[in-house]
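Peer 1: Below you'll find the structure I mean.
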Amino acid sequence: MAWNEPGDGNDKGKDPWGGGNRGGGNQGPPDLDEVIKKLQDRLGEIFGKKGSGGKNSSGSMGSMLAILSVLIGGFWAVSGFYQVGQAEQAVVLRLGGYHSTEGPGLRWNPPLIDQVTKVDVARVESMPLKATMLTEDENIVDVALVVQYQIGNAKDYLLQMTVPEAGLHHATESALRHVVGSTSMDAVITEGREVMGQEVHDLLQKSLDLYSSGIVLRKVNVEESDPPRQVKDSFDDVIKAKEDKERVKNEAEAYANDVVPTARGAAQRQFEEASAYKVEIVARAEGETVRFTKLLKEYKRAPDVTRERLYIETIESVLSNTSKVMLDIKGGNNMMYLPLDKILQQQNSQSAPVNISAPMRAEEARNTVTRSADRLRQGRDSRRREIR
């Protein structure tokens with residue numbers, strides 16, 4: 001006999017769900033239709049509809065599914081909004097393929113269909129690199145540099161290279177080996193760092209553009225370029241010797257720059273003095289010539305007077321430079337000696353003390369000689385008259 005076949009009252013107790021005794025102690029789980037009905041009644045009350053009977057259960061189920069679809073659709077639409085920062089770019093992939101690149105602002109893309117990846121294109125990143133290289137002259141050097149870069153194209157940065165950082169590292173090492181391998185060791189470890197950094201920058205940027213990496217280099221700084229540790233001391237001595245050479249060379253150039261202008265100035269001064277002396281001698285000779293010519297004319301007119309005048313002027317010029325005078329009187333047997341220094345000292349002791357300069361003494365000497373010569377002439381003339 002089945003559980004739900006009609007029978008006597010005793011058969012109702014055989015229902016395993018306790019349907020015949022719902023209010024009894026053997027109450028089982030509620031009927032599924034009853035649960036669905038109650039849920040429909042609740043939803044109907046919420047949306048302003050009265051509960052319906054079991055005949056409208058299929059229609060109520062359709063309404064419930066429609067409401068759920070609307071709620072899910074609204075959540076799906078709202079979840080598609082996103083914000084792109086001022087320094088960012090958003091790369092949109094639709095169904096796995098590139099769709100577009102979005103700039104800053106509020107954006108919307110359909111969820112589960114589009115995949116959005118934001119990339120910061122304003123931040124400057126740094127990548128250090130240190131490696132051992134072989135130079136052009138077959139020497140080994142340790143080079144350390146830092147590459148500063150930005151993301152210039154977000155699409156290429158995400159899609160063209162699988163691991164952009166690893167690709168940048170390998171490209172940098174390749175460019176560095178190329179530059180160091182074509183440069184001598186002296187240039188690498190001394191003054192060639194800046195030039196080497198610029199060459200690495202240019203070569204690396206060309207490689208990145210060739211690979212469409214979307215990376216833009218800002219600067220390549222070569223921080224260290226040293227020989228290996230085993231020979232570093234020897235290279236330091238070589239560098240110190242070169243620095244000493246440059247220092248001595250600079251000191252020699254400074255000394256030359258100091259001595260050469262001085263010598264040139266002295267030579268120019270001597271040249272100017274010689275030129276001035278030449279002009280002076282020539283002018284003096286010309287003046288003496290003119291004076292002699294004029295004197296010759298006067299001599300031809302009055303020989304005795306001119307001769308006497310020349311004699312007196314010559315005596316004055318000679319006596320002006322001596323303190324002793326010897327006079328040879330014509331027609332006499334005695335030579336007179338005039339101690340002019342004694343005479344000047346006697347005159348100075350009799351007069352007030354004054355500061356006598358050389359021109360004044362010469363003038364006094366001439367006056368004294370003139371007076372003495374006049375006295376001698378007068379004495380000679382008087383003796384001649386007495387003899388007569």
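Chain identifiers are assigned as A, B, and so on, following the order in which chains appear in the structure tokens; residues are numbered from 1 within each chain, and ligands are numbered from 1 in order of appearance.
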For Tyr82 of chain A, please output as a list of chain:residue names all residues within 12 Å (counting only C-alpha atoms; exclusion window: fewer than 2 positions along the same chain).

Peer 2: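 Final neighbour list, sorted by chain and number: A:Ala77, A:Val78, A:Ser79, A:Gly80, A:Val84, A:Gly85, A:Ala90, A:Val92, A:Glu102, A:Gly103, A:Pro104, A:Gly105, A:Leu106, A:Arg107, A:Trp108, A:Asn109, A:Pro110, A:Pro111, A:Gln115, A:Val116, A:Thr117, A:Lys118.
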
Peer 1: Restricted to C-alpha atoms, what would the selected residues look like written as a short mmCIF file (atom, residue, chain, number, x, y, z; two decimals), in the first residue's frame?

Peer 2:
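Written file, again_30.cif:
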data_model
loop_
_atom_site.label_atom_id
_atom_site.label_comp_id
_atom_site.auth_asym_id
_atom_site.auth_seq_id
_atom_site.Cartn_x
_atom_site.Cartn_y
_atom_site.Cartn_z
CA ALA A 77 26.39 47.88 -14.82
CA VAL A 78 27.49 49.73 -11.69
CA SER A 79 30.58 47.57 -11.26
CA GLY A 80 31.81 48.70 -14.70
CA VAL A 84 41.80 56.75 -14.02
CA GLY A 85 44.29 58.97 -12.16
CA ALA A 90 44.27 52.63 -18.66
CA VAL A 92 41.47 48.16 -22.14
CA GLU A 102 41.91 55.62 -21.78
CA GLY A 103 43.19 58.86 -20.27
CA PRO A 104 42.49 60.43 -16.86
CA GLY A 105 38.87 60.67 -15.66
CA LEU A 106 35.80 58.54 -14.82
CA ARG A 107 35.44 55.64 -17.26
CA TRP A 108 33.07 52.71 -17.83
CA ASN A 109 33.67 49.35 -19.43
CA PRO A 110 31.50 46.26 -19.40
CA PRO A 111 32.66 43.91 -16.64
CA GLN A 115 39.87 43.87 -18.74
CA VAL A 116 41.32 47.22 -17.58
CA THR A 117 44.97 47.65 -16.50
CA LYS A 118 46.15 50.99 -15.12
#

Peer 1: As a PyMOL selection string, please: all residues of segment 85-272 of chain A that backbone DSSP puts in strand (DSSP E or B).

Peer 2: chain A and resi 88-94+97-102+105-108+114-120+125-134+140-151+215-226

Peer 1: Report the residues of segment 80-284 of chain A whose backbone DSSP state falls under alpha helix (DSSP H), written as a ChimeraX atom specification.

Peer 2: /A:154-159,164-181,185-189,193-210,232-284

Peer 1: What does the structure give for the distance between atom CA of Glu194 of chain A and atom CA of Val222 of chain A, in Å to one decimal?

Peer 2: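 Computing it gives 7.2 Å between the two atoms.
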
Peer 1: Which value, in Å to one decimal, gives the distance between atom CA of Tyr98 of chain A and atom CA of Val147 of chain A?

Peer 2: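 The value is 29.4 Å.
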
Peer 1: At what distance in Å, to one decimal, does atom CA of His169 of chain A lie from atom CA of Leu129 of chain A?

Peer 2: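 It comes out at 7.6 Å.
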
Peer 1: Within 12 Å of Glu138 of chain A, counting only C-alpha atoms, which residues show up once you throw out same-chain ones fewer than 5 positions away? Write them as a PyMOL selection string, please.

Peer 2: chain A and resi 133+180-186

Peer 1: Point out the residue among A:Asp209, A:Asp226, A:Glu251, A:Glu272 with the least atom-to-atom distance to Thr132 of chain A, counting only C-alpha atoms.

Peer 2: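 Smallest separation from Thr132 of chain A among the options: A:Asp226.
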